[in-house]
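Asks: Next up, input-v6.txt (compact mmCIF, C-alpha atoms).
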# COMPACT_ATOMS: atom_id res chain seq x y z
CA MET A 8 -56.41 262.07 128.00
CA THR A 9 -59.44 260.12 126.89
CA LYS A 10 -60.52 257.59 129.51
CA ARG A 11 -60.93 254.06 128.28
CA VAL A 12 -63.93 252.02 129.43
CA LYS A 13 -64.13 248.30 130.09
CA ILE A 14 -67.41 246.54 130.78
CA CYS A 15 -66.71 243.41 132.78
CA GLY A 16 -68.80 240.34 133.55
CA ILE A 17 -70.21 239.92 130.06
CA THR A 18 -72.36 236.79 129.81
CA SER A 19 -74.26 237.12 126.51
CA ILE A 20 -73.84 238.21 122.91
CA THR A 21 -76.60 240.80 123.36
CA ASP A 22 -74.84 242.45 126.29
CA ALA A 23 -71.51 242.35 124.48
CA LEU A 24 -72.88 244.02 121.37
CA ASN A 25 -74.76 246.63 123.40
CA ALA A 26 -71.52 247.55 125.19
CA ALA A 27 -69.47 247.58 121.98
CA ASN A 28 -72.04 249.66 120.10
CA ALA A 29 -72.22 252.16 122.95
CA GLY A 30 -68.49 252.75 122.67
CA ALA A 31 -66.83 250.51 125.27
CA ASP A 32 -63.18 249.84 124.51
CA ALA A 33 -62.94 246.44 126.18
CA LEU A 34 -65.11 243.60 127.45
CA GLY A 35 -64.29 241.35 130.39
CA PHE A 36 -65.15 237.67 130.83
CA VAL A 37 -65.08 236.13 134.30
CA PHE A 38 -63.62 232.64 134.48
CA TYR A 39 -64.01 232.36 138.25
CA PRO A 40 -66.60 229.61 138.87
CA LYS A 41 -67.95 231.10 142.10
CA SER A 42 -68.91 234.36 140.41
CA SER A 43 -72.49 235.07 139.36
CA ARG A 44 -70.93 236.38 136.13
CA PHE A 45 -69.00 233.18 135.37
CA VAL A 46 -68.84 232.02 131.77
CA THR A 47 -67.26 228.92 130.34
CA PRO A 48 -64.52 229.26 127.72
CA GLU A 49 -66.97 227.93 125.15
CA GLN A 50 -69.53 230.62 126.02
CA ALA A 51 -66.87 233.33 125.89
CA ALA A 52 -65.62 232.08 122.53
CA GLU A 53 -69.12 232.30 121.06
CA ILE A 54 -69.52 235.86 122.34
CA CYS A 55 -66.08 236.93 121.09
CA ALA A 56 -66.84 235.55 117.64
CA ALA A 57 -69.80 237.94 117.39
CA LEU A 58 -67.87 241.07 118.29
CA PRO A 59 -67.00 243.85 115.83
CA PRO A 60 -63.29 244.59 115.25
CA PHE A 61 -61.10 246.66 117.58
CA ILE A 62 -62.82 245.58 120.81
CA LYS A 63 -60.33 244.22 123.35
CA THR A 64 -61.27 241.02 125.16
CA VAL A 65 -60.07 240.40 128.72
CA GLY A 66 -60.18 237.16 130.72
CA LEU A 67 -60.50 237.50 134.49
CA PHE A 68 -59.05 234.82 136.76
CA LEU A 69 -58.86 234.55 140.54
CA ASN A 70 -56.24 232.12 141.89
CA ALA A 71 -56.84 229.73 139.02
CA ASP A 72 -54.31 226.99 138.42
CA ALA A 73 -52.10 227.19 135.36
CA ASN A 74 -53.94 224.35 133.60
CA GLN A 75 -57.25 226.19 133.82
CA VAL A 76 -55.76 229.34 132.31
CA GLN A 77 -54.00 227.42 129.55
CA GLU A 78 -57.13 225.41 128.73
CA THR A 79 -59.17 228.61 128.55
CA LEU A 80 -56.68 230.15 126.14
CA THR A 81 -56.91 227.15 123.83
CA LYS A 82 -60.67 227.66 123.53
CA VAL A 83 -61.07 231.44 123.43
CA SER A 84 -58.78 234.05 121.95
CA LEU A 85 -58.23 236.71 124.61
CA ASP A 86 -56.25 239.91 124.15
CA LEU A 87 -55.45 240.35 127.84
CA LEU A 88 -55.46 238.41 131.08
CA GLN A 89 -56.57 239.97 134.37
CA PHE A 90 -55.51 238.41 137.66
CA HIS A 91 -57.53 239.20 140.79
CA GLY A 92 -55.98 236.93 143.40
CA THR A 93 -52.63 236.34 145.04
CA GLU A 94 -50.94 235.29 141.80
CA THR A 95 -47.19 235.75 141.71
CA PRO A 96 -45.49 237.84 139.02
CA GLU A 97 -43.97 234.65 137.64
CA PHE A 98 -47.40 233.05 137.30
CA CYS A 99 -48.91 236.11 135.63
CA ARG A 100 -46.21 236.34 133.00
CA SER A 101 -46.04 232.61 132.30
CA PHE A 102 -48.79 232.60 129.66
CA SER A 103 -46.98 234.86 127.16
CA ARG A 104 -49.98 237.16 127.09
CA PRO A 105 -50.25 240.81 128.20
CA TYR A 106 -51.78 240.99 131.66
CA ILE A 107 -53.38 243.34 134.18
CA LYS A 108 -52.87 242.81 137.91
CA ALA A 109 -55.66 243.79 140.28
CA LEU A 110 -54.87 245.17 143.72
CA GLY A 111 -57.36 245.59 146.53
CA THR A 112 -57.68 248.80 148.49
CA ASP A 113 -55.85 247.16 151.39
CA GLY A 114 -52.69 247.64 149.34
CA LEU A 115 -53.13 251.34 148.64
CA GLU A 116 -51.21 252.50 151.71
CA ASP A 117 -48.09 251.11 150.07
CA PHE A 118 -49.26 251.06 146.48
CA THR A 119 -45.85 251.38 144.87
CA LYS A 120 -44.42 248.48 146.87
CA HIS A 121 -47.25 246.17 145.79
CA ALA A 122 -47.52 247.36 142.18
CA ASP A 123 -43.77 247.30 141.57
CA GLN A 124 -43.81 243.54 142.17
CA TYR A 125 -45.42 243.24 138.71
CA PRO A 126 -43.02 245.21 136.50
CA ASP A 127 -44.24 243.60 133.30
CA ALA A 128 -47.96 244.12 133.99
CA LEU A 129 -49.59 246.18 131.28
CA ALA A 130 -51.59 248.07 133.92
CA ILE A 131 -52.60 247.95 137.56
CA LEU A 132 -56.32 247.72 138.37
CA VAL A 133 -57.44 249.04 141.75
CA ASP A 134 -60.68 247.53 143.03
CA SER A 135 -62.63 247.73 146.27
CA HIS A 136 -61.80 244.08 146.85
CA VAL A 137 -64.05 241.82 148.84
CA LEU A 138 -62.12 238.70 149.81
CA GLY A 139 -62.92 235.77 147.53
CA LYS A 140 -64.86 237.80 144.96
CA ALA A 141 -63.77 238.72 141.45
CA GLY A 142 -65.05 242.29 141.51
CA GLY A 143 -68.62 243.32 140.82
CA THR A 144 -69.29 244.13 144.47
CA GLY A 145 -70.71 247.60 143.82
CA GLN A 146 -68.58 249.16 146.55
CA THR A 147 -66.55 252.33 146.10
CA PHE A 148 -63.52 253.51 148.03
CA ASP A 149 -61.75 256.80 148.69
CA TRP A 150 -60.37 257.76 145.27
CA ALA A 151 -58.00 260.24 146.93
CA LEU A 152 -55.92 257.19 147.93
CA LEU A 153 -55.00 256.54 144.31
CA PRO A 154 -51.46 257.56 143.34
CA LYS A 155 -51.29 260.59 141.06
CA HIS A 156 -48.08 259.94 139.16
CA TYR A 157 -47.45 256.21 139.02
CA PRO A 158 -45.65 255.46 135.70
CA LYS A 159 -47.86 252.51 134.78
CA PRO A 160 -51.51 252.95 133.67
CA ILE A 161 -54.02 252.60 136.52
CA ILE A 162 -57.53 251.24 135.99
CA LEU A 163 -60.24 252.23 138.47
CA ALA A 164 -62.89 249.68 139.46
CA GLY A 165 -65.35 249.27 142.28
CA GLY A 166 -68.78 250.84 142.61
CA LEU A 167 -68.67 252.89 139.42
CA ASN A 168 -71.99 253.65 137.73
CA PRO A 169 -73.53 256.20 135.33
CA GLU A 170 -74.22 258.57 138.26
CA ASN A 171 -70.69 258.79 139.66
CA VAL A 172 -68.45 258.13 136.67
CA ALA A 173 -68.15 261.84 135.80
CA GLU A 174 -66.92 262.54 139.32
CA ALA A 175 -64.40 259.71 139.01
CA ILE A 176 -63.04 261.21 135.80
CA ARG A 177 -62.74 264.68 137.32
CA GLU A 178 -61.17 263.55 140.59
CA THR A 179 -58.67 260.96 139.40
CA SER A 180 -55.94 260.67 136.79
CA VAL A 181 -56.61 257.02 136.00
CA TYR A 182 -56.13 255.61 132.52
CA ALA A 183 -59.35 253.62 132.37
CA LEU A 184 -62.63 252.81 134.13
CA ASP A 185 -63.87 249.27 134.74
CA LEU A 186 -67.57 248.64 135.42
CA SER A 187 -69.64 245.58 136.11
CA SER A 188 -72.51 245.71 138.62
CA GLY A 189 -73.00 249.45 138.03
CA VAL A 190 -74.42 248.78 134.56
CA GLU A 191 -76.50 245.71 135.42
CA SER A 192 -80.20 245.08 135.81
CA SER A 193 -79.35 241.95 137.85
CA PRO A 194 -76.09 240.08 138.55
CA GLY A 195 -74.61 239.04 135.23
CA ILE A 196 -77.28 240.78 133.13
CA LYS A 197 -76.25 244.12 131.69
CA SER A 198 -78.70 246.98 131.16
CA LYS A 199 -78.52 248.65 127.76
CA THR A 200 -80.05 251.78 129.29
CA LYS A 201 -77.36 251.95 131.97
CA ILE A 202 -74.54 251.25 129.52
CA ASP A 203 -75.78 253.99 127.20
CA ALA A 204 -76.11 256.41 130.14
CA LEU A 205 -72.61 255.52 131.29
CA MET A 206 -71.00 256.18 127.92
CA GLN A 207 -72.95 259.41 127.51
CA ALA A 208 -71.66 260.59 130.90
CA VAL A 209 -68.08 259.62 130.01
CA ASN A 210 -68.22 261.36 126.65
CA HIS A 211 -69.93 264.47 128.02
CA THR A 212 -67.39 264.85 130.83
CA GLN A 213 -64.49 264.67 128.37
CA SER A 214 -65.99 266.88 125.67
Before we go any further, please render this structure as structure tokens.
Replies:
Amino acid sequence: MTKRVKICGITSITDALNAANAGADALGFVFYPKSSRFVTPEQAAEICAALPPFIKTVGLFLNADANQVQETLTKVSLDLLQFHGTETPEFCRSFSRPYIKALGTDGLEDFTKHADQYPDALAILVDSHVLGKAGGTGQTFDWALLPKHYPKPIILAGGLNPENVAEAIRETSVYALDLSSGVESSPGIKSKTKIDALMQAVNHTQS
């Protein structure tokens, strides 16, 4: 199965187009104000308007209140929502939009119990969570802890980069790979060279 790739923490049109042109399937926008990759809904809308067709757009939220999410959705058209905090299943589904629920590695010992709480999630993202951060920490975890046969798609995040993404593809059965800091030249600024190297590694490993 072809692995999908999402580049998260997009902050500029240039970075978005570089990722799209390199072959990324989805782009993520961080609406968590404390993140170095934070964008306003207006900034995200401008970037999304410049994208070519068939690129999925994902909005990342961490314990936002419902008004913030709703206001964001009135200003920028997002294909998916991604929740990185302690949001309840009821909260996640309340926006009538497909969503991804992120779980930290502290939940992997009882993955099914935690993931099954979100039966209508489109996928489960597993990240090397650092408390109070919306990803982009650059830290990996033991991929052997990932479940092999969970019925819902699993997205792998945390510490992925052009150098280790081939290993991640070979060693896991995840549906998709989510990268942020691993393809940056500095926090919030993506590197075209690293994005190109990443996609070349992904394509070569699957060819």
Asks: If you count all atoms listed in the file, which residues fall within 8 Å of Leu184 of chain A, apart from same-chain ones fewer than 5 positions away, as a PyMOL selection string?
Replies: chain A and resi 10-13+162-164
Asks: List as a ChimeraX atom specification the protein and nucleic acid residues near Ser188 of chain A, meaning an atom at most 12 Å away when only C-alpha atoms are counted, but skip any in the same chain fewer than 3 places from it.
Replies: /A:14-17,43-44,141-147,164-169,185,191-198,201-202
Asks: Taking (-56.9, 259.6, 134.8) in the file's coordinates as the center, which residues reach within 12 Å of it, counting all atoms listed in the file, put as JSON, numbers by chain?
Replies: {"A": [8, 9, 10, 11, 12, 150, 153, 154, 155, 156, 157, 159, 160, 161, 162, 163, 172, 173, 174, 175, 176, 177, 178, 179, 180, 181, 182, 183, 184, 213]}
Asks: May I have the selected residues written with C-alpha atoms, as a PDB file, in the coordinates of the input?
Replies:
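Output file out_22.pdb is given in full below:
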ATOM      1  CA  MET A   8     -56.410 262.070 128.000  1.00  0.00           C
ATOM      2  CA  THR A   9     -59.440 260.120 126.890  1.00  0.00           C
ATOM      3  CA  LYS A  10     -60.520 257.590 129.510  1.00  0.00           C
ATOM      4  CA  ARG A  11     -60.930 254.060 128.280  1.00  0.00           C
ATOM      5  CA  VAL A  12     -63.930 252.020 129.430  1.00  0.00           C
ATOM      6  CA  TRP A 150     -60.370 257.760 145.270  1.00  0.00           C
ATOM      7  CA  LEU A 153     -55.000 256.540 144.310  1.00  0.00           C
ATOM      8  CA  PRO A 154     -51.460 257.560 143.340  1.00  0.00           C
ATOM      9  CA  LYS A 155     -51.290 260.590 141.060  1.00  0.00           C
ATOM     10  CA  HIS A 156     -48.080 259.940 139.160  1.00  0.00           C
ATOM     11  CA  TYR A 157     -47.450 256.210 139.020  1.00  0.00           C
ATOM     12  CA  LYS A 159     -47.860 252.510 134.780  1.00  0.00           C
ATOM     13  CA  PRO A 160     -51.510 252.950 133.670  1.00  0.00           C
ATOM     14  CA  ILE A 161     -54.020 252.600 136.520  1.00  0.00           C
ATOM     15  CA  ILE A 162     -57.530 251.240 135.990  1.00  0.00           C
ATOM     16  CA  LEU A 163     -60.240 252.230 138.470  1.00  0.00           C
ATOM     17  CA  VAL A 172     -68.450 258.130 136.670  1.00  0.00           C
ATOM     18  CA  ALA A 173     -68.150 261.840 135.800  1.00  0.00           C
ATOM     19  CA  GLU A 174     -66.920 262.540 139.320  1.00  0.00           C
ATOM     20  CA  ALA A 175     -64.400 259.710 139.010  1.00  0.00           C
ATOM     21  CA  ILE A 176     -63.040 261.210 135.800  1.00  0.00           C
ATOM     22  CA  ARG A 177     -62.740 264.680 137.320  1.00  0.00           C
ATOM     23  CA  GLU A 178     -61.170 263.550 140.590  1.00  0.00           C
ATOM     24  CA  THR A 179     -58.670 260.960 139.400  1.00  0.00           C
ATOM     25  CA  SER A 180     -55.940 260.670 136.790  1.00  0.00           C
ATOM     26  CA  VAL A 181     -56.610 257.020 136.000  1.00  0.00           C
ATOM     27  CA  TYR A 182     -56.130 255.610 132.520  1.00  0.00           C
ATOM     28  CA  ALA A 183     -59.350 253.620 132.370  1.00  0.00           C
ATOM     29  CA  LEU A 184     -62.630 252.810 134.130  1.00  0.00           C
ATOM     30  CA  GLN A 213     -64.490 264.670 128.370  1.00  0.00           C
TER      31      GLN A 213
END
Asks: For Thr119 of chain A, which residue out of A:Gln50, A:Pro158, A:Pro105, A:Thr21 is the nearest one, using all atoms listed in the file?
Replies: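 Ranking A:Gln50, A:Pro158, A:Pro105, A:Thr21 by distance to Thr119 of chain A, first place goes to A:Pro158.
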Asks: Work out how far atom CA of Phe98 of chain A is from atom CA of Gly35 of chain A, in Å to one decimal.
Replies: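 Separation between atom CA of Gly35 of chain A and atom CA of Phe98 of chain A: 20.0 Å.
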Asks: Starting from the incomplete input, reconstruct N, CA, C and O atoms of segment 100-121 of chain A and report them as a PDB file, in the frame of the given file.
Replies:
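selection_15.pdb was written with the following content:
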ATOM      1  N   ARG A 100     -46.926 236.175 134.263  1.00  0.00           N
ATOM      2  CA  ARG A 100     -46.210 236.340 133.000  1.00  0.00           C
ATOM      3  C   ARG A 100     -45.997 235.019 132.256  1.00  0.00           C
ATOM      4  O   ARG A 100     -45.503 235.024 131.128  1.00  0.00           O
ATOM      5  N   SER A 101     -46.383 233.912 132.854  1.00  0.00           N
ATOM      6  CA  SER A 101     -46.040 232.610 132.300  1.00  0.00           C
ATOM      7  C   SER A 101     -46.872 232.203 131.092  1.00  0.00           C
ATOM      8  O   SER A 101     -46.581 231.179 130.466  1.00  0.00           O
ATOM      9  N   PHE A 102     -47.889 232.989 130.753  1.00  0.00           N
ATOM     10  CA  PHE A 102     -48.790 232.600 129.660  1.00  0.00           C
ATOM     11  C   PHE A 102     -48.493 233.342 128.364  1.00  0.00           C
ATOM     12  O   PHE A 102     -49.248 233.235 127.400  1.00  0.00           O
ATOM     13  N   SER A 103     -47.406 234.121 128.359  1.00  0.00           N
ATOM     14  CA  SER A 103     -46.980 234.860 127.160  1.00  0.00           C
ATOM     15  C   SER A 103     -48.114 235.693 126.577  1.00  0.00           C
ATOM     16  O   SER A 103     -48.339 235.737 125.358  1.00  0.00           O
ATOM     17  N   ARG A 104     -48.840 236.332 127.476  1.00  0.00           N
ATOM     18  CA  ARG A 104     -49.980 237.160 127.090  1.00  0.00           C
ATOM     19  C   ARG A 104     -49.936 238.437 127.942  1.00  0.00           C
ATOM     20  O   ARG A 104     -49.623 238.361 129.137  1.00  0.00           O
ATOM     21  N   PRO A 105     -50.218 239.603 127.373  1.00  0.00           N
ATOM     22  CA  PRO A 105     -50.250 240.810 128.200  1.00  0.00           C
ATOM     23  C   PRO A 105     -51.242 240.636 129.348  1.00  0.00           C
ATOM     24  O   PRO A 105     -52.301 240.021 129.177  1.00  0.00           O
ATOM     25  N   TYR A 106     -50.889 241.179 130.521  1.00  0.00           N
ATOM     26  CA  TYR A 106     -51.780 240.990 131.660  1.00  0.00           C
ATOM     27  C   TYR A 106     -51.932 242.252 132.491  1.00  0.00           C
ATOM     28  O   TYR A 106     -51.086 243.148 132.479  1.00  0.00           O
ATOM     29  N   ILE A 107     -53.054 242.291 133.222  1.00  0.00           N
ATOM     30  CA  ILE A 107     -53.380 243.340 134.180  1.00  0.00           C
ATOM     31  C   ILE A 107     -53.404 242.683 135.552  1.00  0.00           C
ATOM     32  O   ILE A 107     -53.950 241.594 135.714  1.00  0.00           O
ATOM     33  N   LYS A 108     -52.816 243.344 136.545  1.00  0.00           N
ATOM     34  CA  LYS A 108     -52.870 242.810 137.910  1.00  0.00           C
ATOM     35  C   LYS A 108     -53.776 243.692 138.748  1.00  0.00           C
ATOM     36  O   LYS A 108     -53.605 244.913 138.801  1.00  0.00           O
ATOM     37  N   ALA A 109     -54.738 243.064 139.400  1.00  0.00           N
ATOM     38  CA  ALA A 109     -55.660 243.790 140.280  1.00  0.00           C
ATOM     39  C   ALA A 109     -55.094 243.835 141.696  1.00  0.00           C
ATOM     40  O   ALA A 109     -54.567 242.848 142.207  1.00  0.00           O
ATOM     41  N   LEU A 110     -55.227 244.997 142.326  1.00  0.00           N
ATOM     42  CA  LEU A 110     -54.870 245.170 143.720  1.00  0.00           C
ATOM     43  C   LEU A 110     -56.092 245.642 144.490  1.00  0.00           C
ATOM     44  O   LEU A 110     -56.865 246.474 143.989  1.00  0.00           O
ATOM     45  N   GLY A 111     -56.271 245.125 145.676  1.00  0.00           N
ATOM     46  CA  GLY A 111     -57.360 245.590 146.530  1.00  0.00           C
ATOM     47  C   GLY A 111     -56.970 246.872 147.245  1.00  0.00           C
ATOM     48  O   GLY A 111     -55.800 247.271 147.287  1.00  0.00           O
ATOM     49  N   THR A 112     -57.950 247.531 147.813  1.00  0.00           N
ATOM     50  CA  THR A 112     -57.680 248.800 148.490  1.00  0.00           C
ATOM     51  C   THR A 112     -56.827 248.615 149.734  1.00  0.00           C
ATOM     52  O   THR A 112     -56.242 249.585 150.223  1.00  0.00           O
ATOM     53  N   ASP A 113     -56.714 247.374 150.233  1.00  0.00           N
ATOM     54  CA  ASP A 113     -55.850 247.160 151.390  1.00  0.00           C
ATOM     55  C   ASP A 113     -54.383 247.337 151.042  1.00  0.00           C
ATOM     56  O   ASP A 113     -53.538 247.431 151.933  1.00  0.00           O
ATOM     57  N   GLY A 114     -54.069 247.422 149.744  1.00  0.00           N
ATOM     58  CA  GLY A 114     -52.690 247.640 149.340  1.00  0.00           C
ATOM     59  C   GLY A 114     -52.367 249.068 148.970  1.00  0.00           C
ATOM     60  O   GLY A 114     -51.241 249.384 148.591  1.00  0.00           O
ATOM     61  N   LEU A 115     -53.343 249.965 149.099  1.00  0.00           N
ATOM     62  CA  LEU A 115     -53.130 251.340 148.640  1.00  0.00           C
ATOM     63  C   LEU A 115     -52.195 252.134 149.546  1.00  0.00           C
ATOM     64  O   LEU A 115     -51.583 253.099 149.100  1.00  0.00           O
ATOM     65  N   GLU A 116     -52.097 251.753 150.817  1.00  0.00           N
ATOM     66  CA  GLU A 116     -51.210 252.500 151.710  1.00  0.00           C
ATOM     67  C   GLU A 116     -49.762 252.374 151.267  1.00  0.00           C
ATOM     68  O   GLU A 116     -48.952 253.241 151.536  1.00  0.00           O
ATOM     69  N   ASP A 117     -49.428 251.290 150.630  1.00  0.00           N
ATOM     70  CA  ASP A 117     -48.090 251.110 150.070  1.00  0.00           C
ATOM     71  C   ASP A 117     -48.219 250.637 148.638  1.00  0.00           C
ATOM     72  O   ASP A 117     -47.699 249.590 148.248  1.00  0.00           O
ATOM     73  N   PHE A 118     -48.915 251.448 147.848  1.00  0.00           N
ATOM     74  CA  PHE A 118     -49.260 251.060 146.480  1.00  0.00           C
ATOM     75  C   PHE A 118     -48.030 250.714 145.667  1.00  0.00           C
ATOM     76  O   PHE A 118     -47.979 249.675 144.996  1.00  0.00           O
ATOM     77  N   THR A 119     -47.036 251.586 145.702  1.00  0.00           N
ATOM     78  CA  THR A 119     -45.850 251.380 144.870  1.00  0.00           C
ATOM     79  C   THR A 119     -45.163 250.063 145.187  1.00  0.00           C
ATOM     80  O   THR A 119     -44.746 249.333 144.286  1.00  0.00           O
ATOM     81  N   LYS A 120     -45.061 249.738 146.464  1.00  0.00           N
ATOM     82  CA  LYS A 120     -44.420 248.480 146.870  1.00  0.00           C
ATOM     83  C   LYS A 120     -45.141 247.285 146.267  1.00  0.00           C
ATOM     84  O   LYS A 120     -44.504 246.368 145.748  1.00  0.00           O
ATOM     85  N   HIS A 121     -46.474 247.289 146.314  1.00  0.00           N
ATOM     86  CA  HIS A 121     -47.250 246.170 145.790  1.00  0.00           C
ATOM     87  C   HIS A 121     -47.225 246.151 144.258  1.00  0.00           C
ATOM     88  O   HIS A 121     -47.006 245.098 143.640  1.00  0.00           O
TER      89      HIS A 121
END
